[in-house]
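Data file: input_22.cif. Format and content: mmCIF, C-alpha atoms.
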```cif
data_start
loop_
_atom_site.label_atom_id
_atom_site.label_comp_id
_atom_site.auth_asym_id
_atom_site.auth_seq_id
_atom_site.Cartn_x
_atom_site.Cartn_y
_atom_site.Cartn_z
CA MET P 1 -22.63 -0.48 10.01
CA CYS P 2 -22.21 3.22 10.69
CA GLN P 3 -25.36 5.16 9.81
CA MET P 4 -24.77 7.68 7.05
CA ALA P 5 -26.42 10.41 9.14
CA ASP P 6 -23.78 9.94 11.87
CA ARG P 7 -20.24 11.20 11.71
CA CYS P 8 -17.91 8.23 11.87
CA VAL P 9 -14.12 8.01 12.10
CA GLY P 10 -12.27 4.72 11.88
CA ILE P 11 -9.15 3.73 13.77
CA HIS P 12 -6.92 0.89 12.59
CA TRP P 13 -4.17 -0.12 15.02
CA ASN P 14 -1.27 -2.50 14.45
CA SER P 15 -1.42 -4.74 17.51
CA THR P 16 2.31 -5.51 17.26
CA LYS P 17 3.01 -1.84 18.04
CA GLN P 18 2.12 -1.86 21.73
CA THR P 19 3.22 1.76 22.12
CA GLY P 20 0.25 2.68 19.96
CA LEU P 21 -2.44 1.47 22.38
CA PRO P 22 -2.37 4.61 24.58
CA VAL P 23 -2.43 6.69 21.37
CA ALA P 24 -5.53 4.83 20.18
CA LEU P 25 -7.24 5.34 23.55
CA ARG P 26 -6.47 9.04 23.46
CA LEU P 27 -7.85 9.39 19.94
CA ILE P 28 -11.04 7.56 20.88
CA GLU P 29 -11.57 9.85 23.87
CA MET P 30 -10.98 12.95 21.75
CA LEU P 31 -13.40 11.81 19.07
CA GLU P 32 -16.12 10.71 21.49
CA ALA P 33 -15.83 14.07 23.26
CA ARG P 34 -16.86 15.59 19.93
CA SER P 35 -19.80 13.19 19.53
CA ILE P 36 -18.05 11.26 16.76
CA GLN P 37 -18.88 7.56 16.38
CA VAL P 38 -15.68 5.47 16.39
CA CYS P 39 -15.16 2.30 14.35
CA VAL P 40 -12.12 0.14 15.14
CA ASN P 41 -10.44 -2.89 13.62
CA SER P 42 -10.78 -6.24 15.37
CA GLY P 43 -7.23 -6.10 16.77
CA LEU P 44 -7.96 -2.88 18.64
CA TYR P 45 -11.42 -4.02 19.71
CA GLY P 46 -9.92 -7.18 21.19
CA TYR P 47 -7.81 -5.10 23.56
CA LEU P 48 -10.53 -2.60 24.47
CA ASN P 49 -13.74 -4.70 24.33
CA ARG P 50 -15.92 -1.62 24.66
CA ALA P 51 -19.50 -2.20 23.57
CA GLU P 52 -20.03 1.35 22.28
CA LEU P 53 -17.34 0.89 19.61
CA ARG P 54 -18.16 -0.52 16.21
CA VAL P 55 -15.81 -3.19 14.94
CA ASN P 56 -14.75 -3.65 11.30
CA ALA P 57 -17.72 -1.56 10.13
CA PHE P 58 -15.94 1.15 8.19
CA GLU P 59 -18.61 1.91 5.59
CA GLY P 60 -19.73 5.50 6.12
CA CYS P 61 -16.53 6.57 7.90
CA GLU P 62 -15.28 9.95 6.73
CA LEU P 63 -11.70 9.24 7.79
CA LEU P 64 -9.55 6.24 8.71
CA ILE P 65 -6.77 6.95 11.19
CA VAL P 66 -4.05 4.32 10.90
CA LEU P 67 -1.63 3.76 13.78
CA GLY P 68 1.51 1.97 12.61
CA GLY P 69 3.96 2.14 9.74
CA ASP P 70 3.72 1.67 6.00
CA GLY P 71 2.97 -2.04 6.38
CA THR P 72 -0.01 -1.25 8.59
CA ILE P 73 -1.27 1.23 6.01
CA LEU P 74 -1.09 -1.45 3.30
CA THR P 75 -3.28 -3.68 5.48
CA ALA P 76 -5.68 -0.85 6.31
CA LEU P 77 -6.26 -0.22 2.60
CA ASP P 78 -8.53 -3.29 2.63
CA SER P 79 -10.92 -1.24 4.76
CA ALA P 80 -10.39 2.11 3.01
CA ILE P 81 -10.39 1.26 -0.70
CA PRO P 82 -13.89 -0.30 -0.99
CA TYR P 83 -15.48 2.80 0.59
CA ASP P 84 -13.07 5.45 -0.79
CA ILE P 85 -12.08 6.54 2.74
CA PRO P 86 -9.09 8.89 3.10
CA ILE P 87 -6.31 7.62 5.37
CA LEU P 88 -4.48 9.67 8.00
CA GLY P 89 -1.36 7.75 8.97
CA ILE P 90 0.25 8.24 12.38
CA ASN P 91 3.71 6.73 12.44
CA LEU P 92 4.52 4.06 15.02
CA GLY P 93 7.08 2.39 12.79
CA ARG P 94 10.53 3.27 11.58
CA LEU P 95 10.30 4.61 8.04
CA GLY P 96 6.72 5.68 7.46
CA PHE P 97 6.89 7.02 3.90
CA LEU P 98 3.09 7.01 3.72
CA THR P 99 2.33 8.26 7.22
CA GLU P 100 1.64 11.93 7.79
CA LEU P 101 2.02 12.56 11.53
CA GLU P 102 4.10 11.46 14.48
CA THR P 103 2.46 10.69 17.83
CA ASN P 104 3.58 14.03 19.26
CA ASP P 105 1.53 15.78 16.55
CA ILE P 106 -1.74 14.55 18.05
CA SER P 107 -3.64 17.43 19.62
CA ASP P 108 -7.12 18.92 19.89
CA ALA P 109 -6.21 21.31 17.09
CA MET P 110 -5.18 18.41 14.86
CA ILE P 111 -8.44 16.55 15.52
CA ASP P 112 -10.47 19.69 14.86
CA ARG P 113 -8.64 20.27 11.57
CA ALA P 114 -9.23 16.69 10.50
CA LEU P 115 -12.94 16.85 11.34
CA ALA P 116 -13.24 20.19 9.51
CA ARG P 117 -11.52 18.52 6.52
CA ASP P 118 -8.86 21.20 6.61
CA TYR P 119 -6.34 19.13 4.70
CA GLU P 120 -5.18 18.17 1.23
CA ILE P 121 -5.78 14.78 -0.37
CA ASP P 122 -2.79 12.98 -1.89
CA GLY P 123 -4.19 10.49 -4.40
CA ARG P 124 -1.97 7.51 -5.22
CA THR P 125 -2.34 5.15 -8.17
CA ILE P 126 -2.96 1.53 -7.30
CA MET P 127 -2.61 -1.50 -9.55
CA GLY P 128 -5.19 -4.13 -10.35
CA ILE P 129 -5.11 -7.41 -12.23
CA GLU P 130 -7.37 -8.12 -15.15
CA GLY P 131 -9.95 -10.76 -14.32
CA GLN P 132 -9.57 -10.29 -10.55
CA ASP P 133 -11.77 -8.52 -7.98
CA ASP P 134 -10.42 -4.95 -7.80
CA MET P 135 -11.91 -4.51 -4.30
CA ARG P 136 -9.53 -7.15 -2.97
CA MET P 137 -6.76 -7.97 -5.45
CA PHE P 138 -4.96 -4.63 -5.69
CA ALA P 139 -1.52 -3.30 -4.85
CA LEU P 140 -0.34 0.15 -3.84
CA ASN P 141 3.39 -0.63 -3.83
CA ASP P 142 4.18 -3.50 -6.14
CA ILE P 143 3.28 -6.79 -7.73
CA VAL P 144 6.20 -9.22 -7.75
CA ILE P 145 6.45 -12.20 -10.07
CA THR P 146 8.62 -14.72 -8.28
CA ARG P 147 9.14 -18.42 -7.60
CA SER P 148 6.48 -20.09 -5.49
CA THR P 149 9.04 -22.29 -3.70
CA PRO P 150 12.46 -21.57 -2.15
CA SER P 151 14.07 -23.43 -5.05
CA VAL P 152 17.26 -21.98 -6.53
CA ARG P 153 16.03 -22.68 -10.04
CA ILE P 154 15.89 -19.84 -12.55
CA LEU P 155 12.58 -18.24 -13.45
CA SER P 156 12.17 -17.30 -17.13
CA LEU P 157 9.70 -14.56 -18.06
CA GLU P 158 8.74 -12.23 -20.86
CA TYR P 159 6.81 -9.03 -20.35
CA GLU P 160 4.93 -6.66 -22.63
CA ALA P 161 3.53 -3.13 -22.45
CA ASP P 162 0.31 -2.84 -24.45
CA GLY P 163 1.29 -5.90 -26.45
CA ALA P 164 4.80 -4.70 -27.34
CA LEU P 165 7.59 -6.91 -25.99
CA VAL P 166 9.69 -5.08 -23.40
CA ASP P 167 12.12 -7.88 -22.56
CA ALA P 168 12.55 -11.58 -21.88
CA ILE P 169 14.60 -12.38 -18.80
CA SER P 170 15.84 -15.25 -16.70
CA GLY P 171 16.56 -14.68 -13.02
CA ASP P 172 14.72 -14.36 -9.74
CA GLY P 173 11.68 -12.55 -11.10
CA LEU P 174 10.18 -9.18 -11.97
CA ILE P 175 8.82 -6.29 -9.90
CA VAL P 176 6.05 -4.07 -11.26
CA ALA P 177 5.93 -1.04 -8.96
CA THR P 178 3.97 2.17 -8.80
CA ALA P 179 5.70 5.48 -8.12
CA THR P 180 4.71 4.96 -4.47
CA GLY P 181 6.35 1.52 -4.46
CA SER P 182 9.51 2.69 -6.20
CA THR P 183 11.17 3.22 -2.80
CA ALA P 184 10.35 -0.31 -1.62
CA TYR P 185 11.51 -3.66 -3.09
CA SER P 186 12.12 -2.11 -6.50
CA LEU P 187 14.67 0.31 -5.06
CA SER P 188 16.59 -2.45 -3.28
CA SER P 189 16.67 -4.35 -6.58
CA GLY P 190 18.28 -1.45 -8.45
CA GLY P 191 15.18 0.39 -9.62
CA PRO P 192 14.93 4.19 -9.76
CA ILE P 193 13.37 6.48 -7.17
CA VAL P 194 10.22 7.98 -8.69
CA LEU P 195 8.43 10.92 -7.10
CA PRO P 196 4.85 10.13 -6.06
CA GLY P 197 3.25 12.63 -8.46
CA LEU P 198 4.45 10.73 -11.52
CA ASP P 199 1.82 8.43 -12.97
CA CYS P 200 3.88 5.45 -14.04
CA PHE P 201 4.86 1.84 -13.52
CA VAL P 202 8.45 0.75 -12.89
CA LEU P 203 9.45 -2.65 -14.29
CA THR P 204 12.47 -3.92 -12.36
CA PRO P 205 14.10 -7.31 -13.05
CA VAL P 206 15.26 -9.15 -9.91
CA CYS P 207 18.78 -10.55 -10.20
CA PRO P 208 18.62 -11.04 -13.99
CA HIS P 209 21.15 -13.35 -15.58
CA THR P 210 21.89 -10.92 -18.41
CA LEU P 211 23.62 -7.55 -18.15
CA ASN P 212 21.30 -5.81 -20.59
CA ALA P 213 18.17 -6.34 -18.44
CA ARG P 214 17.49 -2.95 -16.86
CA PRO P 215 14.59 -1.24 -15.07
CA VAL P 216 12.09 0.40 -17.42
CA VAL P 217 9.59 3.15 -16.57
CA VAL P 218 6.33 3.19 -18.52
CA SER P 219 3.07 5.10 -18.28
CA ALA P 220 0.51 3.82 -15.80
CA ASN P 221 -1.91 3.78 -18.73
CA HIS P 222 -0.07 0.77 -20.14
CA ARG P 223 -1.31 -2.79 -19.62
CA ILE P 224 1.64 -4.87 -18.44
CA THR P 225 1.43 -8.55 -19.38
CA ILE P 226 3.91 -10.98 -17.80
CA ARG P 227 4.18 -14.50 -19.15
CA VAL P 228 5.96 -17.38 -17.41
CA LEU P 229 8.10 -19.22 -19.95
CA ASP P 230 9.78 -21.77 -17.69
CA ASP P 231 8.76 -21.91 -14.05
CA ARG P 232 10.60 -25.18 -13.17
CA GLY P 233 8.59 -25.73 -10.04
CA GLY P 234 6.03 -22.96 -9.84
CA ALA P 235 5.67 -19.19 -10.00
CA GLN P 236 3.38 -16.69 -8.34
CA ALA P 237 2.36 -13.04 -8.30
CA VAL P 238 2.66 -11.43 -4.86
CA LEU P 239 0.62 -8.26 -4.27
CA ASP P 240 2.16 -5.85 -1.76
CA GLY P 241 3.67 -8.85 0.03
CA ARG P 242 0.19 -9.81 1.27
CA ARG P 243 -1.79 -11.68 -1.37
CA ILE P 244 -0.72 -14.38 -3.80
CA ILE P 245 -1.97 -15.45 -7.21
CA PRO P 246 -0.48 -18.76 -8.40
CA LEU P 247 0.91 -18.85 -11.94
CA ASN P 248 0.79 -22.50 -12.93
CA ASN P 249 0.12 -24.63 -15.95
CA GLU P 250 -3.49 -23.50 -16.13
CA SER P 251 -2.67 -19.79 -15.95
CA ARG P 252 0.93 -18.81 -16.69
CA GLU P 253 0.13 -15.22 -17.62
CA ILE P 254 -1.00 -12.14 -15.75
CA THR P 255 -1.95 -8.63 -16.93
CA ILE P 256 -1.42 -5.71 -14.57
CA CYS P 257 -3.17 -2.39 -15.14
CA ARG P 258 -4.17 0.77 -13.37
CA SER P 259 -7.03 0.15 -10.96
CA PRO P 260 -10.13 2.34 -11.27
CA ARG P 261 -9.70 2.94 -7.55
CA VAL P 262 -7.28 5.37 -5.89
CA ALA P 263 -5.63 5.32 -2.47
CA ARG P 264 -6.29 8.66 -0.78
CA PHE P 265 -3.99 10.01 1.93
CA VAL P 266 -4.60 13.00 4.17
CA ARG P 267 -1.84 15.61 4.10
CA MET P 268 -1.89 18.18 6.91
CA LYS P 269 1.70 19.37 6.55
CA GLU P 270 3.70 20.85 3.71
CA ARG P 271 5.44 17.88 2.15
CA ASN P 272 8.94 18.11 0.65
CA ASN P 273 9.50 14.79 -1.10
CA PHE P 274 13.26 15.29 -1.47
CA SER P 275 13.69 16.08 2.22
CA LEU P 276 11.49 13.10 3.11
CA LEU P 277 13.60 10.81 0.94
CA ARG P 278 16.86 11.99 2.49
CA SER P 279 15.47 11.57 5.99
CA LYS P 280 13.84 8.19 5.51
CA LEU P 281 16.49 6.55 3.33
CA SER P 282 19.28 7.60 5.70
CA GLU P 283 17.60 5.45 8.37
CA TRP P 284 18.35 2.36 6.28
CA THR P 285 22.06 2.88 6.92
CA HIS P 286 21.72 2.41 10.70
#
```
Show this structure as structure tokens.
Amino acid sequence: MCQMADRCVGIHWNSTKQTGLPVALRLIEMLEARSIQVCVNSGLYGYLNRAELRVNAFEGCELLIVLGGDGTILTALDSAIPYDIPILGINLGRLGFLTELETNDISDAMIDRALARDYEIDGRTIMGIEGQDDMRMFALNDIVITRSTPSVRILSLEYEADGALVDAISGDGLIVATATGSTAYSLSSGGPIVLPGLDCFVLTPVCPHTLNARPVVVSANHRITIRVLDDRGGAQAVLDGRRIIPLNNESREITICRSPRVARFVRMKERNNFSLLRSKLSEWTH
């Protein structure tokens, strides 16, 4: 564990992005030159195997630098959320909605700014599930209610906001997304683009079998209860595509609410969300 009296910075590297290894090495050298203790994830430690590095000991870190794309950031949240560590994302992927810098932005001046905390914090709402551990079972992008098998059978659901029925649908499932997640699976399923500053949940049916089933935007203060009416083989809740909660005969209902925790992202550049959307979404056409 990093001692609280020390200055610690964490580095989380996606080992499938081999181009990021030299970037990680450069960052470690820059931080150690400033007498900063470095903590790394096990994937990076496995490649470096340097005894002076701490591994998976992020408590006490003042910053977590994430090397990868948005998927890597979702994984790194497991290390950041429990200790309320801000994330600085360096893009090694393609889209990188959540990342802040490209590899060519890395410089001594950037490191000095980060260590001086010369940046803004962009707080993002995350979702939790009532009755579940909010340190582990959370989602930044979305929680998807879907079939638990590749069966072609229809999934029938009803969903409520603070106890008021929103709709009952039959189809492939339902996406509950944050504003951050509105540009992910929800968007590809016909949901609206919501700017990150809006504190809301987007409820997007997936391939509904009725024409009147439409995406609905509600306040993030609402408790969203989804009830499985006819699973015909099993249903599940999938959190950010990473964790699964079965919805079976014993528990066919789930309630999604705002988590007391917040994902915090470092912003070192002026951010124009409309320009970012145009740039990133245009990449999907190629």
Take the PyMOL selection byres ((chain P and resi 79) around 12), run it mentally on this structure, and tell me the resulting residues as an NGL selection string. :P and (10-12 or 39-42 or 55-61 or 63-66 or 72-78 or 80-87 or 135-136 or 263)
If you count all atoms listed in the file, which residues fall within 6 Å of region 140-150 of chain P, apart from same-chain ones fewer than 3 positions away, as a ChimeraX atom specification? /P:126,173-178,180-181,234-240
Evaluate the PyMOL selection byres ((chain P and resi 198) around 12) and record the selected residues as a list in words, following the chain and residue labels used in the document.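 Here the PyMOL selection byres ((chain P and resi 198) around 12) matches Gly123, Arg124, Thr125, Thr178, Ala179, Thr180, Gly181, Ser182, Ile193, Val194, Leu195, Pro196, Gly197, Asp199, Cys200, Phe201, Val202, Val217, Val218, Ser219, Ala220 and Asn221 of chain P.
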So which residues touch Asp122 (chain P) within 8 Å, counting all atoms listed in the file, skipping near sequence neighbours fewer than 6 positions away, as a list in words?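 Listing them by chain and then by number gives Arg264, Phe265, Val266 and Arg267 of chain P.
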Have a look at P:Asn212, P:Ser251, P:Ser186, P:Gln132 and name the one nearest to Asp167 (chain P); count all atoms listed in the file. P:Asn212
Can you tell me which residues surround region 253-255 of chain P at a distance of at most 7 Å, considering all atoms listed in the file, apart from same-chain residues fewer than 4 positions away, and format the answer as a VMD selection string? chain P and resid 129 to 130 223 to 228 247
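Candidate residues P:Ser259, P:Ser275, P:Ser156, P:Thr103 were compared for distance to Ala24 (chain P), and the nearest is P:Thr103, using only C-alpha atoms.
Using only C-alpha atoms, the smallest distance between any of P:Leu67, P:Trp13, P:Arg271, P:Gly20 and Leu44 (chain P) comes from P:Trp13.
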Counting all atoms listed in the file, closest pick from P:Ser151, P:Ser170, P:Ser189, P:Gln18 relative to Gly93 (chain P) is P:Gln18
